[in-house]
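Engineer: Following this message is one structure expressed as C-alpha cells.
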Amino acid sequence: MATALGCLLLSGAASLFYEVCWIRKAGLFFGSTTFALATVLAVFFLGLAMGSALAGRLATALHRPLRIYGVVELAIAVLGLASNALLDMADDGYGMLYRWAAGAAPWIALARLVLVAAAILVPTILMGTTVPLLARALIRRHRRLGFTAGGLYGINALGAAAGAALAGFVTLPVLGLATTIYLGAGLNVLCGVAVLLVCWQTRPAPLAEQADRADQAIDAGRTLRVNVLLPLFFLTGFVGVAIEILWARYLPLMITSSVYAYALPLVVILLGIGLGSLIIAPLCDRSRHPIVVFGCLQAFTGLSVLVAMKLPRELWTALAQAAPALISANHFMGLHGAMLLPGALASGASFPLVVRLVSRNVADASWTIGRLTAINTAGSIASAVIMAWGLSWLGLDLALRTVTGMAVVGGCVAFAAGAGRQLGRRVAAVLIAFSITGWGLAAVLLKTRLPHDHLSSEGTLLEVVEGQGASLAVVQLEDKVLLGIDRLWQGSNKKNQQTFAGHLPMLLSGDGHGTEVLVVGMGTGQAAGRFLLWDIHRLDCLDVEAAIFDLARRYFGAAWLDDPRVRGLAEDGRDYIRHSRARYDVIGIEVGQLFRPGIIAFYTQDFYQRLRQRLKPGGLVTQFVPVRMLSTPQILDIVATFISVFPQSQLWFNGPEFVLIGRRADAFALDIPSLEERLHRPEIRRDLHYRHPLDANTGWLNEPDSVLGSLLASAEDLSILAHKGQILTDDVPRFDYELNPHQDIEVRTVGALLAIEKPLSKVATLDWRRLALIEQRRKQNLYALANLVVERGNKALQAGQLKLAERTAQEVLAEVPAHTKALWLRERTKGRPGQD
C-alpha cells in the first residue's frame, strides 16, 4: 500500500512535468496563441480520458494489476523521453503543411491537432490508466470505497500540483525543458521498478470480488441513477477547466502578466483538488446524504468564483493603500491563489462523493473510477476547446456568469435528484432556491465590468476588445490616445521612439526601392507605418491579436493599412518566422512589453537563427530593447544572444529604449553621404522633425549629426560587452522568471556604454572635429538616461528617504563622474534629517 501510494504521488508529478514541457514546446513550435495551447491541452485530456476508460474496463479482469501498473510506468518513461524528438518531428511536418497551405488554410488547426496527438497521445493514454489500475489492486471493501477512491485521486492530484509547481517555477528556469522531461521519465522509472520489486518480493493480497455483498446491500440506498450523476460529473470537469482559464485571463488584469500569473491557477487548482479529495474521503462513506454534499460543493464553487472575480476595483485600491506590502506582485498572487482555492477544494471533494454514489459493486470499483475519470476529463476537453474559441466572443464577464451559473445549476440538479431518496422535497426546494438566489444577487449587486473596470485607472476608456489571448483597451489621457494590452501600454497616437525605430533601418539600408519589409508586432502602427514613406515594394505586418488592426485604423491613424503594398496578418510572429518561406530585406521586431506571455521567446538564440533564415543577404533586422525594464546583466544577455547570430550588429539610442540592428553580411559600415541624402527628402525630414524623448537636447532627428549621435556601440564594441552576457535559449527559459515588474534602468548600463570610445569612428570615416561633436551628442543621450536614475533619488529625498537618495547619487557619480544633477542631489542630502 505504501509503495503504491508513493508511486501514485510521484507519477502525478511526472505527468505534470510532461504537460508543462509539452505546452511550452508546442507553443514555441506552433505559436503561443490560445488555439495552440488548447490543442495540447485537448490532446492531453483526451489521452487521460481514453486511458481511464480503457483501464477501468479491463482492470476488472486483471488478477495482478500492480504488475501491469509497474510496466505502464516504465512504458510512460520510454514514451516520455521519445516525446521530445517526436514533437520535433511534428514541428517539421507542421512546417511542410504550413508552407504548402501558405499558413491560411482552415484545416491547419486540425493538422496541428493530429500532429500533437501523434507525438503525445499514447503516453497520456498510459498516464490515464494508473489510477484505475491501483484502484483495482487496493479497493477491497465497498464501505470504504469512497475513502480509498478519494485517497487515490487526492494523492495523484497532490503529486500533479507538486509537479506543476516544480516544473513551472524551478526545473524549467534552472535546468531547462529537456532536463525536466528527463526528470519526469526518471520518476516513472523509479515508480515502475519499485512496484515490480514489491510484486516480486511479496505475495499479492487477494482482490475484492463479490463477497462484500452485506456492505453493498447496506449501501444500496445511497446510490443514485447513473444517468443523472454522469452528466453532472461531466459538467464538473467542464466547469473546473473553464474556471482555470477564466482565472488565467483575469490575473493579468490585477498583476503584471508573467509566467507566474499563468502557472498559479494550474498549481492552486491541482492543490485544491488533491486536498479536497483527501479531506472528504474519510467522510463520504459515513455520510447519509452524499448527494446533498455534492450539490452544495457545486453551488459553492459557482458562487465563490463569481464573487471573487467580481469584487470591485475600489476594494483592491483601498487594500493597496492600507497594506501596500500585501499588494506587491508575489503577495498579490498568493492572495488571489487563496481566493481560487475554495472552488478547487470543492471540485476535488466531488470525485469521491460521485464514486460513492455511482458504485454498486466493489469488484467493479476500478471500472467505476475509470469511467468517471474519463467522463470528467471529457468535460475538461470540451471546456478547453470551447473556451479557446468562445472566450473572446463571449467576453470575460459573460463567460464568468455562464460558467458559474452552470456550476450552480449542477448543484440544483443534484438537489433535485436526491429529493425523495436522500433528501426531503422541501429541503431540496429550499437548497435550490437558496443557490439560485445567491447567484442572482451576486450577479446583480456586484457591478464590476470585466475586464473594463481593471484596464484603466486614469483617463477615459474609449473602447475595449477582448482578443484571443489578452484584453485590448484604447484610453484617452488628456491629448493622447493610448493603446494598452492587459494594462501594459503599447503606444500612442503621438510621435515617440517608435517613429525613429521605423525610419532607422531605412536610413541605414538604402533608398527603399524594391525593399520588402516585415514588422512583427503591430501596436499602434507608429513604427510600421513609417516604412511606407519610403519607396518599398511590400510591407507585411504581423500581430497575434486580429482586433489590433481595426483599432489602429480607427484610433491611431493607420489608414495606411489599406495601401495595396501592405498585408496585415493575424498570426503568431514566431510561428510565421519559423515556418514561412518568405524572405525580407528588413525585419523589425516590435513586440512590446516583455511581461506579456510569450514575448521573451522573441529574444532567444533559437529565434534569431530562424530570423536570419528569413533575411536576404545584406538584409537588416531591428530588435526592440526596453532598457527601463531590464537590469544591466539582462541587457548584456540580450546583446550576447543577438550577436551570436548577427555578429555584424550595432546598438542605437532611442530615448527610453535601445534598438539593436543586425546585418546579414560580413561587415556593417555606415554610408554617411547616403544617410544625409535620405534625411533631406522632404517627407522624411518633415516626419523626423522632433527630438529624442527624455529631453536629451541633442538636436532634431532630421539632422544627420543627431542621428549619428544615437549610435551607442559598433559591432566591435558589442563583441566586448557580450563577454559578460549569457546566451538565452528556448530550452532554458530563465529570462521569463528573472524579469522584475518594478525594474527600472540601472546606472551601470549608462556607465558601460560611456566606457566605449567613439563607436562612430569604427564604422565610418569623418573629420575629427565633427566626430568629436557627434561623440558629445552620444554622451548627452546617455546623460539623459542617467537623469532617470537621479530622478528616483529626488523622489526618495522628497519622501524623506535620505540614505536611499544619497546612495543613488553616489551610484550615478561612480558611473558618470561630474554628473551635474547627481552632484546637486548629493549636496542636498547633506545635513538634512531623514528616515532610512
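Chains: A, B, ... in order of the C-alpha cells. Residues: from 1 per chain. Ligands: from 1, in order shown.
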Please provide as a list in words all residues within 12 Å of Ile684 of chain A, with the sequence filter that same-chain residues fewer than 3 positions apart are discarded (counting only C-alpha atoms).
Structural biologist: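 My reading of the contact set: Thr499, Phe500, Gly502, His503, Leu504, Met506, Leu507, Asp511, Arg530, Phe531, Leu532, Leu533, Trp534, Asp535, Leu675, Glu676, Glu677, Arg678, Leu679, His680, Arg681, Asp687, Leu688, His689, Tyr690, Leu701, Asn702 and Glu703 of chain A.
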Engineer: Counting only C-alpha atoms, what is within 9 Å of Leu172 of chain A, bar same-chain residues fewer than 6 positions away, as a ChimeraX atom specification?
Structural biologist: /A:21,166,178-180,731-734
Engineer: By how many Å are atom CA of Ser392 of chain A and atom CA of Gly467 of chain A apart?
Structural biologist: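 One can read the atom CA of Ser392 of chain A to atom CA of Gly467 of chain A distance as 5.4 Å.
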Engineer: Give me, as number ranges by chain, all polymer residues having an atom no more than 12 Å from Leu229 of chain A, counting only C-alpha atoms and skipping those fewer than 4 positions away in the same chain.
Structural biologist: A: 223-225, 233-236, 290-291, 294-295, 350-351, 353-359, 371-372, 375-376, 410-411, 413-418
Engineer: Within segment 248-495 of chain A, find each residue whose DSSP state, derived from the backbone, is helix (DSSP H, G or I), and express the selection as a VMD selection string.
Structural biologist: chain A and resid 248 to 254 259 to 284 290 to 310 313 to 322 329 to 358 362 to 394 396 to 418 425 to 445 452 to 455
Engineer: Would you mind telling me which residue in A:Val43, A:His537, A:Leu115, A:Thr3 lies nearest to Val193 of chain A when using only C-alpha atoms?
Structural biologist: A:Thr3
Engineer: Residues at most 6 Å from Arg663 of chain A, counting only C-alpha atoms, excluding those fewer than 6 positions away in the same chain, as a list in words?
Structural biologist: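 Result of the neighbour search: Gly619, Leu620 and Gln648 of chain A.
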Engineer: Just the selected residues (N, CA, C and O atoms), exported as a CSV table (one decimal), in the first residue's frame, please.
Structural biologist:
```csv
chain,number,residue,atom,x,y,z
A,619,GLY,N,20.5,41.9,-45.7
A,619,GLY,CA,19.3,42.5,-45.0
A,619,GLY,C,19.6,42.9,-43.6
A,619,GLY,O,20.5,42.5,-42.9
A,620,LEU,N,18.6,43.7,-43.0
A,620,LEU,CA,18.8,44.2,-41.7
A,620,LEU,C,17.6,43.7,-40.8
A,620,LEU,O,16.5,43.5,-41.3
A,648,GLN,N,27.6,41.1,-37.0
A,648,GLN,CA,27.7,42.5,-37.5
A,648,GLN,C,26.5,43.3,-37.1
A,648,GLN,O,25.4,43.3,-37.8
```
Engineer: Distance table requested - segment 611-651 of chain A against segment 757-769 of chain A, cut-off 12 Å, only C-alpha atoms: one row per qualifying residue with the closest atom pair and its distance in Å to one decimal, ordered by chain and rising residue number, as a tab-separated table.
Structural biologist:
```
residue	atom	partner	partner_atom	distance
A:Gln648	CA	A:Val763	CA	10.8
A:Ser649	CA	A:Val763	CA	10.8
A:Gln650	CA	A:Pro759	CA	9.3
A:Leu651	CA	A:Pro759	CA	9.8
```
Engineer: Go ahead and write the selection's residues with N, CA and C atoms as a PDB file, in the first residue's frame.
Structural biologist:
```pdb
ATOM      1  N   GLN A 648      27.584  41.106 -37.025  1.00  0.00           N
ATOM      2  CA  GLN A 648      27.690  42.470 -37.539  1.00  0.00           C
ATOM      3  C   GLN A 648      26.457  43.256 -37.089  1.00  0.00           C
ATOM      4  N   SER A 649      26.549  43.813 -35.895  1.00  0.00           N
ATOM      5  CA  SER A 649      25.410  44.494 -35.283  1.00  0.00           C
ATOM      6  C   SER A 649      25.843  45.829 -34.694  1.00  0.00           C
ATOM      7  N   GLN A 650      24.848  46.677 -34.451  1.00  0.00           N
ATOM      8  CA  GLN A 650      25.076  47.974 -33.815  1.00  0.00           C
ATOM      9  C   GLN A 650      23.967  48.227 -32.797  1.00  0.00           C
ATOM     10  N   LEU A 651      24.282  49.032 -31.782  1.00  0.00           N
ATOM     11  CA  LEU A 651      23.311  49.413 -30.755  1.00  0.00           C
ATOM     12  C   LEU A 651      23.047  50.909 -30.868  1.00  0.00           C
TER      13      LEU A 651
END
```
Engineer: Mind running segment 624-724 of chain A against segment 482-498 of chain A at 10 Å and telling me each contacting residue's nearest atom pair with the distance in Å (one decimal), counting only C-alpha atoms, chain and number ascending, as JSON lines?
Structural biologist:
```
{"residue": "A:Phe624", "atom": "CA", "partner": "A:Gln498", "partner_atom": "CA", "distance": 9.5}
{"residue": "A:Phe653", "atom": "CA", "partner": "A:Gln497", "partner_atom": "CA", "distance": 9.6}
{"residue": "A:Asn654", "atom": "CA", "partner": "A:Gln497", "partner_atom": "CA", "distance": 5.8}
{"residue": "A:Gly655", "atom": "CA", "partner": "A:Gln497", "partner_atom": "CA", "distance": 6.3}
{"residue": "A:Pro656", "atom": "CA", "partner": "A:Gln497", "partner_atom": "CA", "distance": 7.9}
{"residue": "A:Glu657", "atom": "CA", "partner": "A:Gln497", "partner_atom": "CA", "distance": 7.7}
{"residue": "A:Phe658", "atom": "CA", "partner": "A:Gln497", "partner_atom": "CA", "distance": 9.4}
{"residue": "A:Val659", "atom": "CA", "partner": "A:Gln497", "partner_atom": "CA", "distance": 9.9}
{"residue": "A:Asp687", "atom": "CA", "partner": "A:Lys495", "partner_atom": "CA", "distance": 9.0}
{"residue": "A:Leu688", "atom": "CA", "partner": "A:Lys495", "partner_atom": "CA", "distance": 9.1}
{"residue": "A:His689", "atom": "CA", "partner": "A:Lys495", "partner_atom": "CA", "distance": 9.9}
{"residue": "A:Tyr690", "atom": "CA", "partner": "A:Lys495", "partner_atom": "CA", "distance": 8.0}
{"residue": "A:Arg691", "atom": "CA", "partner": "A:Asn496", "partner_atom": "CA", "distance": 9.0}
{"residue": "A:His692", "atom": "CA", "partner": "A:Gln497", "partner_atom": "CA", "distance": 7.1}
{"residue": "A:Pro693", "atom": "CA", "partner": "A:Asn496", "partner_atom": "CA", "distance": 7.1}
```
Engineer: Export N, CA, C and O atoms of the chosen residues as a PDB file, in the first residue's frame?
Structural biologist:
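So the final result, stored in selection_23.pdb, reads:
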```
ATOM      1  N   PHE A 624      13.830  45.591 -30.627  1.00  0.00           N
ATOM      2  CA  PHE A 624      13.465  46.498 -29.541  1.00  0.00           C
ATOM      3  C   PHE A 624      14.100  46.006 -28.237  1.00  0.00           C
ATOM      4  O   PHE A 624      13.957  44.842 -27.865  1.00  0.00           O
ATOM      5  N   PHE A 653      20.709  54.414 -29.647  1.00  0.00           N
ATOM      6  CA  PHE A 653      19.883  55.087 -28.639  1.00  0.00           C
ATOM      7  C   PHE A 653      18.546  55.481 -29.260  1.00  0.00           C
ATOM      8  O   PHE A 653      18.477  55.933 -30.405  1.00  0.00           O
ATOM      9  N   ASN A 654      17.462  55.288 -28.484  1.00  0.00           N
ATOM     10  CA  ASN A 654      16.135  55.673 -28.970  1.00  0.00           C
ATOM     11  C   ASN A 654      15.273  56.073 -27.778  1.00  0.00           C
ATOM     12  O   ASN A 654      14.215  55.494 -27.529  1.00  0.00           O
ATOM     13  N   GLY A 655      15.763  57.062 -27.013  1.00  0.00           N
ATOM     14  CA  GLY A 655      15.003  57.500 -25.848  1.00  0.00           C
ATOM     15  C   GLY A 655      15.035  56.450 -24.761  1.00  0.00           C
ATOM     16  O   GLY A 655      16.097  55.917 -24.415  1.00  0.00           O
ATOM     17  N   PRO A 656      13.882  56.082 -24.199  1.00  0.00           N
ATOM     18  CA  PRO A 656      13.848  55.132 -23.093  1.00  0.00           C
ATOM     19  C   PRO A 656      14.018  53.681 -23.530  1.00  0.00           C
ATOM     20  O   PRO A 656      13.736  52.766 -22.767  1.00  0.00           O
ATOM     21  N   GLU A 657      14.424  53.471 -24.755  1.00  0.00           N
ATOM     22  CA  GLU A 657      14.695  52.126 -25.223  1.00  0.00           C
ATOM     23  C   GLU A 657      15.889  52.174 -26.172  1.00  0.00           C
ATOM     24  O   GLU A 657      16.260  53.224 -26.696  1.00  0.00           O
ATOM     25  N   PHE A 658      16.498  51.019 -26.381  1.00  0.00           N
ATOM     26  CA  PHE A 658      17.571  50.893 -27.358  1.00  0.00           C
ATOM     27  C   PHE A 658      17.062  50.093 -28.547  1.00  0.00           C
ATOM     28  O   PHE A 658      16.035  49.407 -28.460  1.00  0.00           O
ATOM     29  N   VAL A 659      17.792  50.183 -29.650  1.00  0.00           N
ATOM     30  CA  VAL A 659      17.488  49.384 -30.831  1.00  0.00           C
ATOM     31  C   VAL A 659      18.756  48.654 -31.244  1.00  0.00           C
ATOM     32  O   VAL A 659      19.783  49.276 -31.513  1.00  0.00           O
ATOM     33  N   ASP A 687       8.821  64.269 -41.188  1.00  0.00           N
ATOM     34  CA  ASP A 687       8.362  63.291 -40.197  1.00  0.00           C
ATOM     35  C   ASP A 687       9.334  63.159 -39.026  1.00  0.00           C
ATOM     36  O   ASP A 687       8.919  62.852 -37.896  1.00  0.00           O
ATOM     37  N   LEU A 688      10.622  63.388 -39.261  1.00  0.00           N
ATOM     38  CA  LEU A 688      11.623  63.271 -38.196  1.00  0.00           C
ATOM     39  C   LEU A 688      11.919  64.605 -37.513  1.00  0.00           C
ATOM     40  O   LEU A 688      12.930  64.721 -36.801  1.00  0.00           O
ATOM     41  N   HIS A 689      11.046  65.590 -37.696  1.00  0.00           N
ATOM     42  CA  HIS A 689      11.255  66.884 -37.059  1.00  0.00           C
ATOM     43  C   HIS A 689      10.739  66.821 -35.608  1.00  0.00           C
ATOM     44  O   HIS A 689       9.701  67.370 -35.245  1.00  0.00           O
ATOM     45  N   TYR A 690      11.478  66.071 -34.793  1.00  0.00           N
ATOM     46  CA  TYR A 690      11.200  66.002 -33.349  1.00  0.00           C
ATOM     47  C   TYR A 690      12.486  65.541 -32.663  1.00  0.00           C
ATOM     48  O   TYR A 690      13.445  65.121 -33.315  1.00  0.00           O
ATOM     49  N   ARG A 691      12.531  65.631 -31.369  1.00  0.00           N
ATOM     50  CA  ARG A 691      13.732  65.289 -30.618  1.00  0.00           C
ATOM     51  C   ARG A 691      13.538  63.942 -29.913  1.00  0.00           C
ATOM     52  O   ARG A 691      12.407  63.501 -29.686  1.00  0.00           O
ATOM     53  N   HIS A 692      14.660  63.341 -29.547  1.00  0.00           N
ATOM     54  CA  HIS A 692      14.581  62.139 -28.723  1.00  0.00           C
ATOM     55  C   HIS A 692      13.818  62.430 -27.438  1.00  0.00           C
ATOM     56  O   HIS A 692      13.934  63.531 -26.884  1.00  0.00           O
ATOM     57  N   PRO A 693      13.054  61.481 -26.948  1.00  0.00           N
ATOM     58  CA  PRO A 693      12.442  61.653 -25.616  1.00  0.00           C
ATOM     59  C   PRO A 693      13.523  61.816 -24.544  1.00  0.00           C
ATOM     60  O   PRO A 693      14.711  61.695 -24.814  1.00  0.00           O
TER      61      PRO A 693
END
```
Engineer: Would you list the contacts of Val131 of chain A as number ranges by chain, taking every protein, DNA or RNA residue within 12 Å and counting only C-alpha atoms, but skipping same-chain residues closer than 5 positions in sequence?
Structural biologist: A: 4-5, 7-9, 11-12, 48-49, 51-56, 59, 65-66, 68-69, 72-73, 125-126, 136-139, 148-157, 365-374
Engineer: Taking the DSSP secondary structure from the backbone, can you list the residues of segment 567-766 of chain A that are strand (DSSP E), as a ChimeraX atom specification?
Structural biologist: /A:567-569,584-589,615-625,649-654,657-663,711-713
Engineer: For Pro312 of chain A, which residue among A:Arg288, A:Leu446, A:Phe607, A:Ala399 is the nearest when counting only C-alpha atoms?
Structural biologist: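 Looking only at the distances to Pro312 of chain A, the closest residue turns out to be A:Leu446.
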Engineer: Quick one: residues within 10 Å of segment 813-819 of chain A, only C-alpha atoms, excluding same-chain residues fewer than 4 positions away - as a compact mmCIF listing (two decimals) with all heavy atoms, in the first residue's frame?
Structural biologist:
```txt
# COMPACT_ATOMS: atom_id res chain seq x y z
N VAL A 747 22.08 52.51 -13.54
CA VAL A 747 23.11 53.44 -13.99
C VAL A 747 24.35 52.69 -14.49
O VAL A 747 25.15 53.22 -15.25
CB VAL A 747 23.47 54.43 -12.86
CG1 VAL A 747 24.30 53.74 -11.78
CG2 VAL A 747 24.20 55.65 -13.41
N ARG A 748 24.48 51.40 -14.10
CA ARG A 748 25.59 50.61 -14.63
C ARG A 748 25.50 50.46 -16.14
O ARG A 748 26.54 50.35 -16.82
CB ARG A 748 25.60 49.22 -13.98
CG ARG A 748 26.01 49.20 -12.52
CD ARG A 748 26.12 47.76 -12.04
NE ARG A 748 24.84 47.08 -12.10
CZ ARG A 748 24.70 45.75 -12.05
NH1 ARG A 748 25.78 44.98 -11.96
NH2 ARG A 748 23.50 45.20 -12.09
N THR A 749 24.27 50.43 -16.65
CA THR A 749 24.09 50.36 -18.10
C THR A 749 24.69 51.59 -18.77
O THR A 749 25.40 51.50 -19.78
CB THR A 749 22.60 50.26 -18.44
OG1 THR A 749 22.05 49.10 -17.80
CG2 THR A 749 22.39 50.15 -19.94
N VAL A 750 24.42 52.76 -18.19
CA VAL A 750 24.97 54.01 -18.73
C VAL A 750 26.49 53.99 -18.65
O VAL A 750 27.20 54.36 -19.60
CB VAL A 750 24.39 55.22 -17.98
CG1 VAL A 750 25.00 56.52 -18.49
CG2 VAL A 750 22.87 55.26 -18.11
N GLY A 751 27.02 53.55 -17.51
CA GLY A 751 28.46 53.52 -17.34
C GLY A 751 29.16 52.61 -18.33
O GLY A 751 30.23 52.95 -18.87
N ALA A 752 28.57 51.45 -18.60
CA ALA A 752 29.17 50.51 -19.55
C ALA A 752 29.24 51.11 -20.95
O ALA A 752 30.22 50.89 -21.68
CB ALA A 752 28.38 49.21 -19.56
N LEU A 753 28.23 51.88 -21.33
CA LEU A 753 28.21 52.48 -22.67
C LEU A 753 29.09 53.73 -22.75
O LEU A 753 29.67 54.03 -23.79
CB LEU A 753 26.77 52.79 -23.07
CG LEU A 753 25.89 51.55 -23.25
CD1 LEU A 753 24.43 51.95 -23.42
CD2 LEU A 753 26.35 50.72 -24.43
N LEU A 754 29.18 54.47 -21.65
CA LEU A 754 30.07 55.63 -21.64
C LEU A 754 31.54 55.20 -21.76
O LEU A 754 32.38 55.97 -22.24
CB LEU A 754 29.88 56.44 -20.36
CG LEU A 754 28.67 57.37 -20.33
CD1 LEU A 754 28.51 57.98 -18.95
CD2 LEU A 754 28.79 58.48 -21.39
N ALA A 755 31.86 53.99 -21.32
CA ALA A 755 33.23 53.50 -21.39
C ALA A 755 33.67 53.22 -22.83
O ALA A 755 34.86 53.08 -23.10
CB ALA A 755 33.37 52.24 -20.55
N LEU A 782 23.27 59.59 -23.28
CA LEU A 782 23.48 58.70 -22.13
C LEU A 782 23.29 59.44 -20.81
O LEU A 782 22.77 58.88 -19.84
CB LEU A 782 24.87 58.07 -22.21
CG LEU A 782 25.06 57.08 -23.36
CD1 LEU A 782 26.51 56.66 -23.49
CD2 LEU A 782 24.17 55.85 -23.17
N TYR A 783 23.69 60.71 -20.75
CA TYR A 783 23.43 61.51 -19.55
C TYR A 783 21.93 61.61 -19.29
O TYR A 783 21.48 61.63 -18.12
CB TYR A 783 24.02 62.91 -19.69
CG TYR A 783 25.54 62.96 -19.67
CD1 TYR A 783 26.22 64.07 -20.14
CD2 TYR A 783 26.28 61.90 -19.16
CE1 TYR A 783 27.61 64.13 -20.13
CE2 TYR A 783 27.67 61.94 -19.15
CZ TYR A 783 28.33 63.05 -19.63
OH TYR A 783 29.69 63.10 -19.61
N ALA A 786 20.90 58.68 -17.46
CA ALA A 786 21.32 58.79 -16.06
C ALA A 786 20.40 59.71 -15.28
O ALA A 786 20.21 59.54 -14.06
CB ALA A 786 22.77 59.28 -15.99
N ASN A 787 19.82 60.71 -15.97
CA ASN A 787 18.87 61.61 -15.29
C ASN A 787 17.69 60.84 -14.71
O ASN A 787 17.11 61.25 -13.69
CB ASN A 787 18.37 62.67 -16.27
CG ASN A 787 19.44 63.70 -16.61
OD1 ASN A 787 20.42 63.85 -15.88
ND2 ASN A 787 19.26 64.39 -17.71
N VAL A 790 18.75 59.65 -11.38
CA VAL A 790 18.79 60.78 -10.43
C VAL A 790 17.37 61.15 -10.00
O VAL A 790 17.14 61.49 -8.83
CB VAL A 790 19.51 61.98 -11.07
CG1 VAL A 790 19.46 63.19 -10.13
CG2 VAL A 790 20.95 61.63 -11.40
N ARG A 807 22.61 57.30 -1.53
CA ARG A 807 23.17 56.13 -2.21
C ARG A 807 22.97 56.21 -3.72
O ARG A 807 23.85 55.86 -4.51
CB ARG A 807 22.56 54.85 -1.64
CG ARG A 807 23.19 53.58 -2.19
CD ARG A 807 22.79 52.37 -1.37
NE ARG A 807 21.36 52.11 -1.40
CZ ARG A 807 20.56 52.26 -0.35
NH1 ARG A 807 21.04 52.70 0.80
NH2 ARG A 807 19.27 51.99 -0.45
N THR A 808 21.81 56.70 -4.12
CA THR A 808 21.53 56.84 -5.55
C THR A 808 22.49 57.84 -6.19
O THR A 808 23.03 57.61 -7.28
CB THR A 808 20.07 57.30 -5.76
OG1 THR A 808 19.19 56.35 -5.17
CG2 THR A 808 19.76 57.45 -7.23
N ALA A 809 22.70 58.97 -5.53
CA ALA A 809 23.63 59.97 -6.06
C ALA A 809 25.04 59.39 -6.20
O ALA A 809 25.73 59.62 -7.21
CB ALA A 809 23.64 61.20 -5.17
N LEU A 823 25.45 65.49 -8.62
CA LEU A 823 26.21 66.30 -7.66
C LEU A 823 25.29 67.17 -6.82
O LEU A 823 25.44 67.28 -5.59
CB LEU A 823 27.23 67.17 -8.39
CG LEU A 823 28.45 66.44 -8.98
CD1 LEU A 823 29.22 67.38 -9.89
CD2 LEU A 823 29.35 65.91 -7.86
N TRP A 824 24.30 67.75 -7.47
CA TRP A 824 23.34 68.60 -6.76
C TRP A 824 22.49 67.77 -5.78
O TRP A 824 22.20 68.21 -4.67
CB TRP A 824 22.48 69.33 -7.78
CG TRP A 824 21.38 70.17 -7.20
CD1 TRP A 824 20.05 70.12 -7.52
CD2 TRP A 824 21.50 71.21 -6.22
NE1 TRP A 824 19.34 71.04 -6.81
CE2 TRP A 824 20.21 71.72 -6.00
CE3 TRP A 824 22.58 71.74 -5.52
CZ2 TRP A 824 19.96 72.75 -5.09
CZ3 TRP A 824 22.33 72.76 -4.61
CH2 TRP A 824 21.03 73.25 -4.41
N ARG A 826 23.46 65.01 -4.29
CA ARG A 826 24.31 64.67 -3.16
C ARG A 826 24.46 65.84 -2.19
O ARG A 826 24.45 65.65 -0.96
CB ARG A 826 25.69 64.23 -3.66
CG ARG A 826 26.58 63.68 -2.56
CD ARG A 826 27.91 63.22 -3.11
NE ARG A 826 28.68 64.32 -3.68
CZ ARG A 826 29.88 64.19 -4.22
NH1 ARG A 826 30.44 62.99 -4.27
NH2 ARG A 826 30.53 65.24 -4.72
```
Engineer: When you look at Val385 of chain A with a cut-off of 12 Å (counting only C-alpha atoms), what residues show up, excluding the ones that are within fewer than 5 positions of it in the same chain? I need them as a list in words.
Structural biologist: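 These residues fall inside the cut-off: Thr34, Phe35, Ala36, Leu37, Ala38, Thr39, Val40, Leu41, Ala42, Val43, Phe45, Leu46, Ala109, Leu113, Phe238, Val241, Ala242, Ile245, Ala378, Gly379, Ser380, Gly390 and Leu391 of chain A.
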Engineer: Calculate how many Å separate atom CA of Ile76 of chain A from atom CA of Asn188 of chain A, rounding to one decimal.
Structural biologist: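 Going from atom CA of Ile76 of chain A over to atom CA of Asn188 of chain A covers 6.7 Å.
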Engineer: Just to confirm, what's the straight-line distance from atom CA of Pro617 of chain A to atom CA of Ala722 of chain A in Å (one decimal)?
Structural biologist: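 That distance, rounded to one decimal, is 24.2 Å.
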